[in-house]
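S.K.: Okay, handing you the structure first.
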Amino acid sequence: MCRREEPQAGDIATLNEPYLGYRRIELIEKRWYKWRVRICESGKEIEVWEDEFEMETHDI
């Protein structure tokens, strides 16, 4: 399994609490302790704190 400590732009993550029913996000840009993210299903961009999402893990 490949695991990185820090999230990076382009990573896919899951919101801990849904935003308007959506949970899956793509990380776009880190801004201090927040991330600008795109909601995968709608394309809307929002800002979230680092502790508001969990990274998806993939087995290689």
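Chain identifiers are assigned as A, B, and so on, following the order in which chains appear in the structure tokens; residues are numbered from 1 within each chain, and ligands are numbered from 1 in order of appearance.
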Would you pick out the contacts of stretch 25-40 of chain A at 8 Å or less, using only C-alpha atoms, so that residues sharing its chain but fewer than 4 positions from it are not included, and give the list as number ranges by chain?
M.R.: A: 8-15, 44-50
S.K.: Please extract the residues of chain A with a backbone DSSP assignment of strand (DSSP E or B) and present them as a PyMOL selection string.
M.R.: chain A and resi 12-19+22-31+34-39+45-49+53-55
S.K.: Generate a file of the selected residues that holds N, CA and C atoms, formatted as a tab-separated table (two decimals), in the first residue's frame.
M.R.:
```tsv
chain	number	residue	atom	x	y	z
A	12	ILE	N	-7.92	12.94	-4.50
A	12	ILE	CA	-9.35	12.81	-4.25
A	12	ILE	C	-9.53	12.49	-2.77
A	13	ALA	N	-10.52	13.13	-2.15
A	13	ALA	CA	-10.78	12.94	-0.72
A	13	ALA	C	-12.29	12.88	-0.48
A	14	THR	N	-12.65	12.57	0.75
A	14	THR	CA	-14.06	12.48	1.14
A	14	THR	C	-14.31	13.43	2.30
A	15	LEU	N	-15.33	14.28	2.15
A	15	LEU	CA	-15.71	15.19	3.24
A	15	LEU	C	-16.26	14.39	4.41
A	16	ASN	N	-15.92	14.79	5.62
A	16	ASN	CA	-16.47	14.13	6.82
A	16	ASN	C	-17.96	14.41	6.95
A	17	GLU	N	-18.37	15.62	6.62
A	17	GLU	CA	-19.79	16.01	6.63
A	17	GLU	C	-20.15	16.42	5.21
A	18	PRO	N	-21.25	15.92	4.65
A	18	PRO	CA	-21.61	16.27	3.28
A	18	PRO	C	-21.85	17.77	3.11
A	19	TYR	N	-21.53	18.28	1.93
A	19	TYR	CA	-21.84	19.66	1.55
A	19	TYR	C	-22.94	19.58	0.51
A	22	TYR	N	-23.18	16.29	-1.13
A	22	TYR	CA	-21.98	15.77	-1.81
A	22	TYR	C	-20.86	15.51	-0.81
A	23	ARG	N	-20.06	14.48	-1.06
A	23	ARG	CA	-18.96	14.14	-0.15
A	23	ARG	C	-17.61	14.05	-0.86
A	24	ARG	N	-17.58	13.66	-2.13
A	24	ARG	CA	-16.32	13.41	-2.83
A	24	ARG	C	-15.77	14.73	-3.39
A	25	ILE	N	-14.48	15.01	-3.10
A	25	ILE	CA	-13.86	16.26	-3.53
A	25	ILE	C	-12.50	15.99	-4.16
A	26	GLU	N	-12.07	16.94	-4.99
A	26	GLU	CA	-10.72	16.94	-5.55
A	26	GLU	C	-9.99	18.14	-4.98
A	27	LEU	N	-8.81	17.93	-4.42
A	27	LEU	CA	-8.01	19.02	-3.85
A	27	LEU	C	-7.40	19.83	-4.99
A	28	ILE	N	-7.54	21.16	-4.90
A	28	ILE	CA	-7.04	22.02	-5.96
A	28	ILE	C	-5.81	22.80	-5.49
A	29	GLU	N	-5.93	23.51	-4.38
A	29	GLU	CA	-4.84	24.38	-3.93
A	29	GLU	C	-4.88	24.54	-2.42
A	30	LYS	N	-3.73	24.41	-1.79
A	30	LYS	CA	-3.63	24.60	-0.34
A	30	LYS	C	-3.43	26.08	-0.05
A	31	ARG	N	-4.21	26.59	0.90
A	31	ARG	CA	-4.11	27.98	1.34
A	31	ARG	C	-4.03	27.98	2.86
A	34	LYS	N	-6.34	25.76	5.04
A	34	LYS	CA	-7.53	25.41	4.27
A	34	LYS	C	-7.11	24.93	2.88
A	35	TRP	N	-8.02	24.21	2.25
A	35	TRP	CA	-7.84	23.78	0.87
A	35	TRP	C	-8.98	24.32	0.03
A	36	ARG	N	-8.65	24.79	-1.18
A	36	ARG	CA	-9.67	25.06	-2.18
A	36	ARG	C	-9.90	23.73	-2.88
A	37	VAL	N	-11.15	23.29	-2.92
A	37	VAL	CA	-11.48	21.98	-3.47
A	37	VAL	C	-12.62	22.10	-4.47
A	38	ARG	N	-12.72	21.10	-5.34
A	38	ARG	CA	-13.82	21.01	-6.30
A	38	ARG	C	-14.65	19.80	-5.94
A	39	ILE	N	-15.95	20.00	-5.82
A	39	ILE	CA	-16.85	18.88	-5.56
A	39	ILE	C	-16.96	18.07	-6.85
A	45	GLU	N	-16.66	24.88	-6.52
A	45	GLU	CA	-15.44	25.00	-5.73
A	45	GLU	C	-15.75	25.66	-4.40
A	46	ILE	N	-15.19	25.09	-3.32
A	46	ILE	CA	-15.38	25.61	-1.97
A	46	ILE	C	-14.04	25.53	-1.24
A	47	GLU	N	-13.97	26.14	-0.06
A	47	GLU	CA	-12.80	26.01	0.80
A	47	GLU	C	-13.17	25.20	2.02
A	48	VAL	N	-12.26	24.29	2.41
A	48	VAL	CA	-12.49	23.45	3.58
A	48	VAL	C	-11.22	23.40	4.43
A	49	TRP	N	-11.38	23.21	5.73
A	49	TRP	CA	-10.25	23.03	6.63
A	49	TRP	C	-9.67	21.64	6.43
A	53	PHE	N	-11.85	16.69	5.91
A	53	PHE	CA	-11.87	15.64	4.91
A	53	PHE	C	-10.85	14.56	5.25
A	54	GLU	N	-11.05	13.40	4.65
A	54	GLU	CA	-10.11	12.28	4.78
A	54	GLU	C	-9.67	11.87	3.39
A	55	MET	N	-8.39	11.55	3.29
A	55	MET	CA	-7.84	11.12	2.01
A	55	MET	C	-8.33	9.72	1.68
```
